[in-house]
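One file, upload_37.cif, is given below (mmCIF, C-alpha atoms, pLDDT in the B column; chains and numbers go by the auth columns).
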```
data_coords
loop_
_atom_site.group_PDB
_atom_site.id
_atom_site.type_symbol
_atom_site.label_atom_id
_atom_site.label_comp_id
_atom_site.label_asym_id
_atom_site.label_seq_id
_atom_site.Cartn_x
_atom_site.Cartn_y
_atom_site.Cartn_z
_atom_site.B_iso_or_equiv
_atom_site.auth_seq_id
_atom_site.auth_asym_id
ATOM 1 C CA MET A 1 85.278 173.539 27.360 35.00 11 A
ATOM 2 C CA LYS A 2 81.778 173.932 25.999 35.00 12 A
ATOM 3 C CA LYS A 3 80.471 171.269 23.630 32.00 13 A
ATOM 4 C CA LEU A 4 79.920 172.114 19.988 31.00 14 A
ATOM 5 C CA ALA A 5 76.203 172.642 19.441 32.00 15 A
ATOM 6 C CA HIS A 6 76.352 174.572 16.193 34.00 16 A
ATOM 7 C CA ALA A 7 79.687 176.396 15.766 33.00 17 A
ATOM 8 C CA LEU A 8 82.252 178.982 16.897 31.00 18 A
ATOM 9 C CA ILE A 9 81.439 182.190 18.706 34.00 19 A
ATOM 10 C CA LEU A 10 82.418 185.274 16.795 37.00 20 A
ATOM 11 C CA THR A 11 84.707 186.771 19.426 37.00 21 A
ATOM 12 C CA GLY A 12 84.709 190.152 17.729 37.00 22 A
ATOM 13 C CA LEU A 13 87.556 192.351 16.599 30.00 23 A
ATOM 14 C CA LEU A 14 88.172 193.452 20.184 32.00 24 A
ATOM 15 C CA GLY A 15 88.804 189.883 21.274 37.00 25 A
ATOM 16 C CA VAL A 16 86.082 189.838 23.969 38.00 26 A
ATOM 17 C CA PRO A 17 82.927 187.752 23.438 38.00 27 A
ATOM 18 C CA THR A 18 79.922 189.881 22.457 38.00 28 A
ATOM 19 C CA LEU A 19 77.077 190.421 24.932 36.00 29 A
ATOM 20 C CA ALA A 20 73.362 190.928 24.542 41.00 30 A
ATOM 21 C CA ALA A 21 72.458 194.530 25.385 39.00 31 A
ATOM 22 C CA ALA A 22 68.949 193.967 26.752 42.00 32 A
ATOM 23 C CA ALA A 23 66.417 191.233 27.269 46.00 33 A
ATOM 24 C CA GLU A 24 63.932 190.542 24.488 52.00 34 A
ATOM 25 C CA ASP A 25 61.038 191.290 26.851 60.00 35 A
ATOM 26 C CA GLY A 26 62.389 194.774 27.545 67.00 36 A
ATOM 27 C CA GLY A 27 63.557 193.942 31.075 86.00 37 A
ATOM 28 C CA PRO A 28 66.884 195.119 32.496 95.00 38 A
ATOM 29 C CA HIS A 29 68.523 191.677 32.554 95.00 39 A
ATOM 30 C CA SER A 30 69.636 189.483 29.671 96.00 40 A
ATOM 31 C CA LEU A 31 71.511 186.245 29.154 96.00 41 A
ATOM 32 C CA SER A 32 73.162 185.070 25.956 96.00 42 A
ATOM 33 C CA ALA A 33 75.205 182.025 25.015 97.00 43 A
ATOM 34 C CA ASN A 34 77.512 181.108 22.171 97.00 44 A
ATOM 35 C CA VAL A 35 79.080 177.971 20.762 97.00 45 A
ATOM 36 C CA GLY A 36 81.262 177.281 17.776 96.00 46 A
ATOM 37 C CA PHE A 37 84.219 175.921 15.875 98.00 47 A
ATOM 38 C CA THR A 38 87.331 177.453 14.320 98.00 48 A
ATOM 39 C CA SER A 39 89.967 175.791 12.163 98.00 49 A
ATOM 40 C CA ASN A 40 92.753 177.493 14.169 98.00 50 A
ATOM 41 C CA TYR A 41 92.307 179.374 17.452 98.00 51 A
ATOM 42 C CA LEU A 42 94.265 182.619 17.140 98.00 52 A
ATOM 43 C CA PHE A 43 94.672 185.107 19.989 98.00 53 A
ATOM 44 C CA ARG A 44 96.418 188.364 19.144 98.00 54 A
ATOM 45 C CA GLY A 45 97.845 186.727 16.049 98.00 55 A
ATOM 46 C CA ILE A 46 99.395 183.767 17.905 98.00 56 A
ATOM 47 C CA SER A 47 97.985 180.254 17.448 98.00 57 A
ATOM 48 C CA GLN A 48 96.744 178.815 20.731 98.00 58 A
ATOM 49 C CA THR A 49 96.294 175.344 19.246 97.00 59 A
ATOM 50 C CA GLY A 50 99.429 174.894 17.161 96.00 60 A
ATOM 51 C CA GLY A 51 97.383 175.265 13.976 96.00 61 A
ATOM 52 C CA ASP A 52 94.740 172.737 15.046 97.00 62 A
ATOM 53 C CA PRO A 53 90.951 173.319 15.322 98.00 63 A
ATOM 54 C CA ALA A 54 89.183 174.464 18.482 98.00 64 A
ATOM 55 C CA ILE A 55 85.715 174.063 19.968 98.00 65 A
ATOM 56 C CA GLN A 56 84.630 177.090 21.979 98.00 66 A
ATOM 57 C CA GLY A 57 81.692 178.588 23.839 97.00 67 A
ATOM 58 C CA GLY A 58 80.573 181.036 26.472 97.00 68 A
ATOM 59 C CA LEU A 59 77.781 182.478 28.594 98.00 69 A
ATOM 60 C CA ASP A 60 77.136 186.182 29.231 98.00 70 A
ATOM 61 C CA TYR A 61 74.958 188.291 31.515 98.00 71 A
ATOM 62 C CA ALA A 62 74.204 191.946 30.805 97.00 72 A
ATOM 63 C CA HIS A 63 72.215 194.629 32.623 97.00 73 A
ATOM 64 C CA SER A 64 70.589 197.626 30.972 95.00 74 A
ATOM 65 C CA SER A 65 72.819 199.877 33.113 96.00 75 A
ATOM 66 C CA GLY A 66 75.802 198.687 31.052 97.00 76 A
ATOM 67 C CA PHE A 67 77.172 196.247 33.637 98.00 77 A
ATOM 68 C CA TYR A 68 78.133 192.810 32.301 98.00 78 A
ATOM 69 C CA LEU A 69 79.721 189.535 33.391 98.00 79 A
ATOM 70 C CA GLY A 70 80.732 186.562 31.317 98.00 80 A
ATOM 71 C CA THR A 71 82.744 183.412 30.905 98.00 81 A
ATOM 72 C CA TRP A 72 84.237 181.805 27.806 98.00 82 A
ATOM 73 C CA GLY A 73 86.286 178.682 27.156 98.00 83 A
ATOM 74 C CA SER A 74 88.287 176.896 24.469 98.00 84 A
ATOM 75 C CA ASN A 75 90.635 173.997 24.029 98.00 85 A
ATOM 76 C CA VAL A 76 94.282 175.047 23.616 98.00 86 A
ATOM 77 C CA GLY A 77 97.557 173.300 22.838 97.00 87 A
ATOM 78 C CA TRP A 78 100.277 175.784 23.793 97.00 88 A
ATOM 79 C CA ILE A 79 100.126 175.042 27.529 96.00 89 A
ATOM 80 C CA GLU A 80 101.849 171.727 26.939 96.00 90 A
ATOM 81 C CA ASP A 81 103.538 172.347 23.582 96.00 91 A
ATOM 82 C CA TYR A 82 104.993 175.817 24.281 96.00 92 A
ATOM 83 C CA GLN A 83 104.736 176.435 28.018 95.00 93 A
ATOM 84 C CA LEU A 84 105.735 172.821 28.757 94.00 94 A
ATOM 85 C CA TYR A 85 103.076 172.129 31.376 96.00 95 A
ATOM 86 C CA ASP A 86 102.932 168.450 32.324 95.00 96 A
ATOM 87 C CA SER A 87 99.233 168.596 31.420 95.00 97 A
ATOM 88 C CA GLY A 88 96.708 171.229 30.405 95.00 98 A
ATOM 89 C CA ASN A 89 94.569 171.832 27.335 96.00 99 A
ATOM 90 C CA LEU A 90 91.923 174.330 28.461 97.00 100 A
ATOM 91 C CA GLU A 91 91.524 178.104 28.528 98.00 101 A
ATOM 92 C CA LEU A 92 88.770 179.543 30.720 98.00 102 A
ATOM 93 C CA ASP A 93 88.144 183.305 30.782 98.00 103 A
ATOM 94 C CA LEU A 94 86.132 185.269 33.357 98.00 104 A
ATOM 95 C CA TYR A 95 85.446 188.940 32.673 98.00 105 A
ATOM 96 C CA GLY A 96 83.232 191.828 33.669 98.00 106 A
ATOM 97 C CA GLY A 97 82.856 195.554 33.282 98.00 107 A
ATOM 98 C CA PHE A 98 80.700 198.444 32.111 98.00 108 A
ATOM 99 C CA ARG A 99 79.950 199.639 28.599 97.00 109 A
ATOM 100 C CA GLY A 100 77.539 201.827 26.733 96.00 110 A
ATOM 101 C CA ASN A 101 77.102 204.911 24.613 96.00 111 A
ATOM 102 C CA ILE A 102 78.723 208.235 25.415 96.00 112 A
ATOM 103 C CA GLY A 103 75.744 210.542 25.675 92.00 113 A
ATOM 104 C CA ALA A 104 73.630 210.598 22.535 92.00 114 A
ATOM 105 C CA SER A 105 76.645 210.278 20.261 93.00 115 A
ATOM 106 C CA ASP A 106 77.846 207.383 18.104 94.00 116 A
ATOM 107 C CA PHE A 107 80.782 206.906 20.477 97.00 117 A
ATOM 108 C CA THR A 108 80.838 203.918 22.833 97.00 118 A
ATOM 109 C CA PHE A 109 83.023 202.895 25.749 98.00 119 A
ATOM 110 C CA ASP A 110 83.907 199.601 27.434 98.00 120 A
ATOM 111 C CA VAL A 111 85.995 199.253 30.602 98.00 121 A
ATOM 112 C CA GLY A 112 86.598 196.098 32.595 98.00 122 A
ATOM 113 C CA ALA A 113 88.855 193.285 33.720 98.00 123 A
ATOM 114 C CA ILE A 114 89.498 189.772 32.444 98.00 124 A
ATOM 115 C CA GLN A 115 91.118 186.744 34.057 98.00 125 A
ATOM 116 C CA TYR A 116 92.598 184.082 31.793 98.00 126 A
ATOM 117 C CA PHE A 117 92.824 180.690 33.524 98.00 127 A
ATOM 118 C CA TYR A 118 94.872 177.766 32.155 98.00 128 A
ATOM 119 C CA PRO A 119 94.318 174.837 34.531 97.00 129 A
ATOM 120 C CA GLY A 120 96.867 172.042 34.479 95.00 130 A
ATOM 121 C CA GLU A 121 99.958 170.520 36.068 95.00 131 A
ATOM 122 C CA ARG A 122 102.838 172.916 35.455 90.00 132 A
ATOM 123 C CA ALA A 123 105.695 171.498 37.570 87.00 133 A
ATOM 124 C CA GLY A 124 108.479 174.096 37.139 86.00 134 A
ATOM 125 C CA ALA A 125 106.855 176.022 34.286 91.00 135 A
ATOM 126 C CA VAL A 126 105.943 179.684 34.741 94.00 136 A
ATOM 127 C CA ASP A 127 102.244 180.158 35.528 96.00 137 A
ATOM 128 C CA ALA A 128 100.271 180.997 32.370 97.00 138 A
ATOM 129 C CA ASP A 129 97.285 182.509 34.239 98.00 139 A
ATOM 130 C CA THR A 130 96.985 186.217 33.413 98.00 140 A
ATOM 131 C CA THR A 131 94.952 189.178 34.690 98.00 141 A
ATOM 132 C CA GLU A 132 94.326 192.222 32.499 98.00 142 A
ATOM 133 C CA LEU A 133 92.455 195.495 32.772 98.00 143 A
ATOM 134 C CA TYR A 134 91.078 196.933 29.547 98.00 144 A
ATOM 135 C CA ALA A 135 89.497 200.085 28.155 98.00 145 A
ATOM 136 C CA ALA A 136 87.971 200.513 24.713 98.00 146 A
ATOM 137 C CA LEU A 137 86.535 203.379 22.708 98.00 147 A
ATOM 138 C CA GLY A 138 84.345 202.804 19.668 98.00 148 A
ATOM 139 C CA TRP A 139 82.793 204.904 16.921 97.00 149 A
ATOM 140 C CA LYS A 140 80.428 203.230 14.472 94.00 150 A
ATOM 141 C CA TRP A 141 82.690 200.710 12.687 95.00 151 A
ATOM 142 C CA LEU A 142 85.983 201.792 14.318 97.00 152 A
ATOM 143 C CA SER A 143 87.334 200.627 17.683 98.00 153 A
ATOM 144 C CA LEU A 144 90.419 201.188 19.813 98.00 154 A
ATOM 145 C CA LYS A 145 91.230 198.978 22.800 98.00 155 A
ATOM 146 C CA TYR A 146 94.073 198.974 25.324 98.00 156 A
ATOM 147 C CA SER A 147 94.780 196.022 27.629 98.00 157 A
ATOM 148 C CA TYR A 148 97.183 196.227 30.590 98.00 158 A
ATOM 149 C CA ALA A 149 98.450 193.196 32.533 98.00 159 A
ATOM 150 C CA VAL A 150 98.438 193.472 36.326 98.00 160 A
ATOM 151 C CA SER A 151 99.505 189.902 37.151 98.00 161 A
ATOM 152 C CA ASP A 152 103.198 189.111 37.759 97.00 162 A
ATOM 153 C CA GLU A 153 103.147 186.386 35.106 97.00 163 A
ATOM 154 C CA VAL A 154 101.694 187.177 31.687 97.00 164 A
ATOM 155 C CA PHE A 155 100.800 184.219 29.451 97.00 165 A
ATOM 156 C CA GLY A 156 103.735 182.238 30.802 96.00 166 A
ATOM 157 C CA PHE A 157 106.360 185.012 30.952 96.00 167 A
ATOM 158 C CA ALA A 158 107.758 185.887 34.385 96.00 168 A
ATOM 159 C CA ASP A 159 108.050 189.379 35.926 96.00 169 A
ATOM 160 C CA ALA A 160 105.903 190.743 33.103 97.00 170 A
ATOM 161 C CA ASP A 161 103.312 192.873 34.943 97.00 171 A
ATOM 162 C CA GLY A 162 102.855 196.058 32.945 97.00 172 A
ATOM 163 C CA SER A 163 102.811 194.225 29.617 98.00 173 A
ATOM 164 C CA ASN A 164 100.248 195.767 27.292 98.00 174 A
ATOM 165 C CA TYR A 165 98.382 195.227 24.051 98.00 175 A
ATOM 166 C CA LEU A 166 96.958 197.925 21.769 98.00 176 A
ATOM 167 C CA ASP A 167 94.262 196.940 19.265 98.00 177 A
ATOM 168 C CA VAL A 168 92.891 199.050 16.399 98.00 178 A
ATOM 169 C CA SER A 169 90.035 197.474 14.416 98.00 179 A
ATOM 170 C CA VAL A 170 87.456 198.302 11.782 98.00 180 A
ATOM 171 C CA ASN A 171 84.326 196.272 11.079 97.00 181 A
ATOM 172 C CA VAL A 172 82.313 197.589 8.127 97.00 182 A
ATOM 173 C CA PRO A 173 78.959 196.145 6.927 96.00 183 A
ATOM 174 C CA LEU A 174 78.881 195.932 3.121 97.00 184 A
ATOM 175 C CA GLY A 175 75.512 197.485 2.384 94.00 185 A
ATOM 176 C CA GLU A 176 72.569 195.084 2.652 92.00 186 A
ATOM 177 C CA THR A 177 74.532 192.014 1.573 95.00 187 A
ATOM 178 C CA GLY A 178 74.907 190.502 5.059 95.00 188 A
ATOM 179 C CA LEU A 179 78.679 190.627 4.616 97.00 189 A
ATOM 180 C CA THR A 180 80.972 192.440 7.038 98.00 190 A
ATOM 181 C CA ALA A 181 84.577 193.282 6.138 98.00 191 A
ATOM 182 C CA GLY A 182 87.087 193.626 8.942 98.00 192 A
ATOM 183 C CA ALA A 183 90.671 194.732 9.427 98.00 193 A
ATOM 184 C CA HIS A 184 92.857 194.815 12.529 98.00 194 A
ATOM 185 C CA TRP A 185 96.299 195.834 13.725 98.00 195 A
ATOM 186 C CA GLY A 186 97.693 195.172 17.173 98.00 196 A
ATOM 187 C CA THR A 187 100.960 195.450 19.052 98.00 197 A
ATOM 188 C CA PHE A 188 101.951 193.387 22.112 98.00 198 A
ATOM 189 C CA ASN A 189 104.707 194.687 24.396 98.00 199 A
ATOM 190 C CA PHE A 190 106.036 192.371 27.124 98.00 200 A
ATOM 191 C CA GLU A 191 107.553 194.017 30.191 97.00 201 A
ATOM 192 C CA ASN A 192 111.042 192.613 30.953 96.00 202 A
ATOM 193 C CA ASN A 193 110.579 190.139 28.074 94.00 203 A
ATOM 194 C CA GLY A 194 111.231 192.332 25.048 93.00 204 A
ATOM 195 C CA ALA A 195 112.279 189.472 22.758 95.00 205 A
ATOM 196 C CA GLN A 196 108.645 188.366 22.715 97.00 206 A
ATOM 197 C CA ASP A 197 107.301 191.754 21.486 98.00 207 A
ATOM 198 C CA TYR A 198 105.472 191.657 18.154 98.00 208 A
ATOM 199 C CA ASP A 199 102.821 193.283 15.958 98.00 209 A
ATOM 200 C CA ASP A 200 99.951 191.379 14.382 98.00 210 A
ATOM 201 C CA TRP A 201 97.379 192.193 11.713 98.00 211 A
ATOM 202 C CA LYS A 202 94.425 190.559 9.985 98.00 212 A
ATOM 203 C CA VAL A 203 91.724 191.031 7.373 98.00 213 A
ATOM 204 C CA SER A 204 88.409 189.204 7.555 98.00 214 A
ATOM 205 C CA LEU A 205 85.067 188.680 5.887 98.00 215 A
ATOM 206 C CA ALA A 206 81.970 187.427 7.726 98.00 216 A
ATOM 207 C CA TYR A 207 78.466 186.547 6.557 98.00 217 A
ATOM 208 C CA ASP A 208 75.244 186.627 8.588 96.00 218 A
ATOM 209 C CA MET A 209 73.550 183.332 7.739 95.00 219 A
ATOM 210 C CA GLY A 210 70.337 184.582 9.317 91.00 220 A
ATOM 211 C CA ARG A 211 69.638 186.470 6.104 91.00 221 A
ATOM 212 C CA LEU A 212 68.895 183.120 4.478 91.00 222 A
ATOM 213 C CA GLY A 213 66.026 182.346 6.857 89.00 223 A
ATOM 214 C CA ASP A 214 64.991 181.971 10.479 89.00 224 A
ATOM 215 C CA VAL A 215 66.494 178.501 10.736 89.00 225 A
ATOM 216 C CA ALA A 216 69.981 180.056 10.471 90.00 226 A
ATOM 217 C CA SER A 217 69.271 182.972 12.811 91.00 227 A
ATOM 218 C CA GLY A 218 72.289 183.765 14.978 93.00 228 A
ATOM 219 C CA VAL A 219 74.705 181.835 12.752 95.00 229 A
ATOM 220 C CA THR A 220 77.736 183.610 11.301 97.00 230 A
ATOM 221 C CA VAL A 221 80.434 182.143 9.052 97.00 231 A
ATOM 222 C CA GLY A 222 83.713 183.805 8.204 98.00 232 A
ATOM 223 C CA VAL A 223 87.246 183.633 6.932 98.00 233 A
ATOM 224 C CA MET A 224 90.276 185.653 8.001 98.00 234 A
ATOM 225 C CA TYR A 225 93.917 186.009 7.052 98.00 235 A
ATOM 226 C CA THR A 226 96.384 186.848 9.838 98.00 236 A
ATOM 227 C CA ASP A 227 100.108 187.469 10.121 98.00 237 A
ATOM 228 C CA THR A 228 102.651 188.753 12.638 98.00 238 A
ATOM 229 C CA ASP A 229 106.249 189.942 12.797 98.00 239 A
ATOM 230 C CA ALA A 230 106.888 187.711 15.831 98.00 240 A
ATOM 231 C CA ASP A 231 110.387 186.254 16.115 97.00 241 A
ATOM 232 C CA SER A 232 110.210 182.574 15.205 97.00 242 A
ATOM 233 C CA ALA A 233 113.193 181.909 17.478 95.00 243 A
ATOM 234 C CA VAL A 234 111.059 182.653 20.557 95.00 244 A
ATOM 235 C CA TRP A 235 107.535 181.806 19.310 98.00 245 A
ATOM 236 C CA THR A 236 108.126 178.230 18.113 97.00 246 A
ATOM 237 C CA ASP A 237 106.734 175.417 20.266 96.00 247 A
ATOM 238 C CA ALA A 238 108.268 172.082 21.221 94.00 248 A
ATOM 239 C CA ASN A 239 106.781 170.487 18.090 94.00 249 A
ATOM 240 C CA GLY A 240 108.610 172.940 15.813 96.00 250 A
ATOM 241 C CA GLU A 241 105.396 174.873 15.037 96.00 251 A
ATOM 242 C CA PHE A 242 105.889 178.630 14.573 97.00 252 A
ATOM 243 C CA LEU A 243 102.857 180.020 16.394 97.00 253 A
ATOM 244 C CA GLY A 244 102.970 183.462 14.772 97.00 254 A
ATOM 245 C CA LYS A 245 103.089 182.470 11.117 97.00 255 A
ATOM 246 C CA ASP A 246 100.644 183.793 8.530 97.00 256 A
ATOM 247 C CA THR A 247 97.525 181.688 8.241 97.00 257 A
ATOM 248 C CA THR A 248 94.031 181.600 6.778 97.00 258 A
ATOM 249 C CA THR A 249 91.345 180.552 9.237 98.00 259 A
ATOM 250 C CA VAL A 250 87.672 179.686 8.750 98.00 260 A
ATOM 251 C CA TRP A 251 85.071 179.695 11.509 96.00 261 A
ATOM 252 C CA ILE A 252 81.354 179.377 12.114 97.00 262 A
ATOM 253 C CA SER A 253 79.409 180.653 15.132 96.00 263 A
ATOM 254 C CA LYS A 254 76.002 180.399 16.745 94.00 264 A
ATOM 255 C CA THR A 255 74.654 182.827 19.343 94.00 265 A
ATOM 256 C CA PHE A 256 71.521 182.260 21.403 92.00 266 A
#
```
Full structure transcribed into structure tokens:
Amino acid sequence: MKKLAHALILTGLLGVPTLAAAAEDGGPHSLSANVGFTSNYLFRGISQTGGDPAIQGGLDYAHSSGFYLGTWGSNVGWIEDYQLYDSGNLELDLYGGFRGNIGASDFTFDVGAIQYFYPGERAGAVDADTTELYAALGWKWLSLKYSYAVSDEVFGFADADGSNYLDVSVNVPLGETGLTAGAHWGTFNFENNGAQDYDDWKVSLAYDMGRLGDVASGVTVGVMYTDTDADSAVWTDANGEFLGKDTTTVWISKTF
């Protein structure tokens, strides 16, 4: 888990940490980093911390060809509280792929793979580590992303390879105000674990603090409201916390 230097990384409506497209000096290579804080770490509408705050951060490499690699981490609570690991409170993601514009159009693409690691002592619990392939298509403020699990276990559910998540998001700048309004809908389908299937949705508002001066450059603050139709009978942890309940979350991020 990365230490909090300023605040939470804005993970973006697609759920993958953003990358720098090119180096400031015009070279083909670039590195970027992010740190931050959120009042409740939500992934696909489900709380990963049981409603508690999270400190997060990542490091990304990008090449002008469109190739990228990155890593991102956060504290989590569900490994012990929901998955019943003997110990474990960390998520570490490794991902890579290609992305760019489609010709000279406003359309963009992003294809790649991501590995979610949840280190810890799991005794008889199902392994939470998950591997997904993803493909995304974007147009200006609209994006569509499809993620497909290729690992046998998917976020702690056994025999679930083939599980998939569809994400539709909009992210619209509000003129020259520095505000960005967002909306999202997603649906998660678990292979051989249909009781866990659910839809999630959110609305958000973010503000670019850099508009207030150079000292706040790279800082974004935001608020979002999320909800799901997840079944509380199967998405409640050992502490009695319903992980898919509606919630309002605030966050702040710093990118370098």
Written as a PyMOL selection string, which residues does the PyMOL selection byres ((chain A and resi 199-202) around 8) give for the file shown? chain A and resi 169-175+197-198+203-204+206-208
Please indicate the distance in Å from atom CA of A:Phe77 to atom CA of A:Asn44, rounded to one decimal place.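 Value for the atom CA of A:Phe77-atom CA of A:Asn44 distance: 19.0 Å.
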Please indicate the distance in Å from atom CA of A:Val136 to atom CA of A:Tyr51, rounded to one decimal place.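 For atom CA of A:Val136 relative to atom CA of A:Tyr51, the distance reads 22.0 Å.
Between atom CA of A:Phe167 and atom CA of A:Glu90 the interatomic distance comes to 14.6 Å.
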Once the PyMOL selection byres ((chain A and resi 98) around 8) has been evaluated on this model, what residues remain selected, and can you format them as a ChimeraX atom specification? /A:87,89-90,95-97,99-100,128-131
Please dump the current selection as a short mmCIF file (atom, residue, chain, number, x, y, z; two decimals), keeping the file's coordinate frame; keep C-alpha atoms.
```
data_model
loop_
_atom_site.label_atom_id
_atom_site.label_comp_id
_atom_site.auth_asym_id
_atom_site.auth_seq_id
_atom_site.Cartn_x
_atom_site.Cartn_y
_atom_site.Cartn_z
CA GLY A 87 97.56 173.30 22.84
CA ILE A 89 100.13 175.04 27.53
CA GLU A 90 101.85 171.73 26.94
CA TYR A 95 103.08 172.13 31.38
CA ASP A 96 102.93 168.45 32.32
CA SER A 97 99.23 168.60 31.42
CA ASN A 99 94.57 171.83 27.34
CA LEU A 100 91.92 174.33 28.46
CA TYR A 128 94.87 177.77 32.16
CA PRO A 129 94.32 174.84 34.53
CA GLY A 130 96.87 172.04 34.48
CA GLU A 131 99.96 170.52 36.07
#
```
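Nearest residue to A:Asp209 among A:Thr187, A:Ser153, A:Thr236, A:Ser75 is A:Thr236, counting all atoms listed in the file.
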Please write as a short mmCIF file (atom, residue, chain, number, x, y, z; two decimals) with C-alpha atoms, keeping the file's coordinate frame the full residue list that the PyMOL selection byres ((chain A and resi 86) around 12) yields on this file.
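See selection-v1.cif below for the written result:
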```
data_model
loop_
_atom_site.label_atom_id
_atom_site.label_comp_id
_atom_site.auth_asym_id
_atom_site.auth_seq_id
_atom_site.Cartn_x
_atom_site.Cartn_y
_atom_site.Cartn_z
CA MET A 11 85.28 173.54 27.36
CA THR A 48 87.33 177.45 14.32
CA ASN A 50 92.75 177.49 14.17
CA TYR A 51 92.31 179.37 17.45
CA LEU A 52 94.26 182.62 17.14
CA PHE A 53 94.67 185.11 19.99
CA ILE A 56 99.40 183.77 17.90
CA SER A 57 97.98 180.25 17.45
CA GLN A 58 96.74 178.82 20.73
CA THR A 59 96.29 175.34 19.25
CA GLY A 60 99.43 174.89 17.16
CA GLY A 61 97.38 175.26 13.98
CA ASP A 62 94.74 172.74 15.05
CA PRO A 63 90.95 173.32 15.32
CA ALA A 64 89.18 174.46 18.48
CA ILE A 65 85.72 174.06 19.97
CA GLN A 66 84.63 177.09 21.98
CA GLY A 83 86.29 178.68 27.16
CA SER A 84 88.29 176.90 24.47
CA ASN A 85 90.64 174.00 24.03
CA GLY A 87 97.56 173.30 22.84
CA TRP A 88 100.28 175.78 23.79
CA ILE A 89 100.13 175.04 27.53
CA GLU A 90 101.85 171.73 26.94
CA ASP A 91 103.54 172.35 23.58
CA TYR A 92 104.99 175.82 24.28
CA GLN A 93 104.74 176.44 28.02
CA SER A 97 99.23 168.60 31.42
CA GLY A 98 96.71 171.23 30.40
CA ASN A 99 94.57 171.83 27.34
CA LEU A 100 91.92 174.33 28.46
CA GLU A 101 91.52 178.10 28.53
CA LEU A 102 88.77 179.54 30.72
CA PHE A 127 92.82 180.69 33.52
CA TYR A 128 94.87 177.77 32.16
CA PRO A 129 94.32 174.84 34.53
CA GLY A 130 96.87 172.04 34.48
#
```
Could stretch 47-94 of chain A be written out with C-alpha atoms, as a short mmCIF file (atom, residue, chain, number, x, y, z; two decimals), in the first residue's frame, please?
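After the write, out09.cif holds the following:
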```cif
data_model
loop_
_atom_site.label_atom_id
_atom_site.label_comp_id
_atom_site.auth_asym_id
_atom_site.auth_seq_id
_atom_site.Cartn_x
_atom_site.Cartn_y
_atom_site.Cartn_z
CA PHE A 47 -7.54 9.05 0.05
CA THR A 48 -11.19 8.02 -0.22
CA SER A 49 -13.80 7.82 2.51
CA ASN A 50 -14.98 4.42 1.21
CA TYR A 51 -13.20 2.30 -1.41
CA LEU A 52 -15.86 1.12 -3.87
CA PHE A 53 -15.15 -1.28 -6.73
CA ARG A 54 -18.01 -1.93 -9.14
CA GLY A 55 -20.41 -0.62 -6.53
CA ILE A 56 -19.24 -2.97 -3.76
CA SER A 57 -17.37 -1.60 -0.73
CA GLN A 58 -13.90 -3.12 -0.44
CA THR A 59 -13.36 -1.66 3.03
CA GLY A 60 -16.69 -2.28 4.74
CA GLY A 61 -17.49 1.44 4.56
CA ASP A 62 -14.12 2.51 6.00
CA PRO A 63 -11.57 4.90 4.39
CA ALA A 64 -8.72 3.78 2.14
CA ILE A 65 -5.26 5.08 1.27
CA GLN A 66 -4.27 4.30 -2.30
CA GLY A 67 -1.59 4.92 -4.90
CA GLY A 68 0.03 3.72 -8.08
CA LEU A 69 2.81 4.06 -10.64
CA ASP A 70 2.38 3.96 -14.43
CA TYR A 71 4.61 3.75 -17.50
CA ALA A 72 3.40 4.71 -20.97
CA HIS A 73 5.00 4.69 -24.41
CA SER A 74 4.01 6.95 -27.29
CA SER A 75 3.10 3.82 -29.29
CA GLY A 76 0.15 3.30 -26.92
CA PHE A 77 1.73 0.53 -24.85
CA TYR A 78 1.40 0.91 -21.07
CA LEU A 79 2.16 -0.90 -17.82
CA GLY A 80 1.16 -0.03 -14.30
CA THR A 81 0.61 -1.04 -10.72
CA TRP A 82 -1.86 0.23 -8.13
CA GLY A 83 -2.59 -0.64 -4.51
CA SER A 84 -5.07 -0.02 -1.71
CA ASN A 85 -5.95 -1.25 1.73
CA VAL A 86 -9.06 -3.46 1.80
CA GLY A 87 -11.19 -5.10 4.48
CA TRP A 88 -13.28 -7.71 2.65
CA ILE A 89 -10.50 -10.32 2.48
CA GLU A 90 -10.91 -11.00 6.17
CA ASP A 91 -14.44 -9.72 6.79
CA TYR A 92 -16.18 -11.29 3.76
CA GLN A 93 -13.80 -13.85 2.28
CA LEU A 94 -12.75 -15.01 5.77
#
```
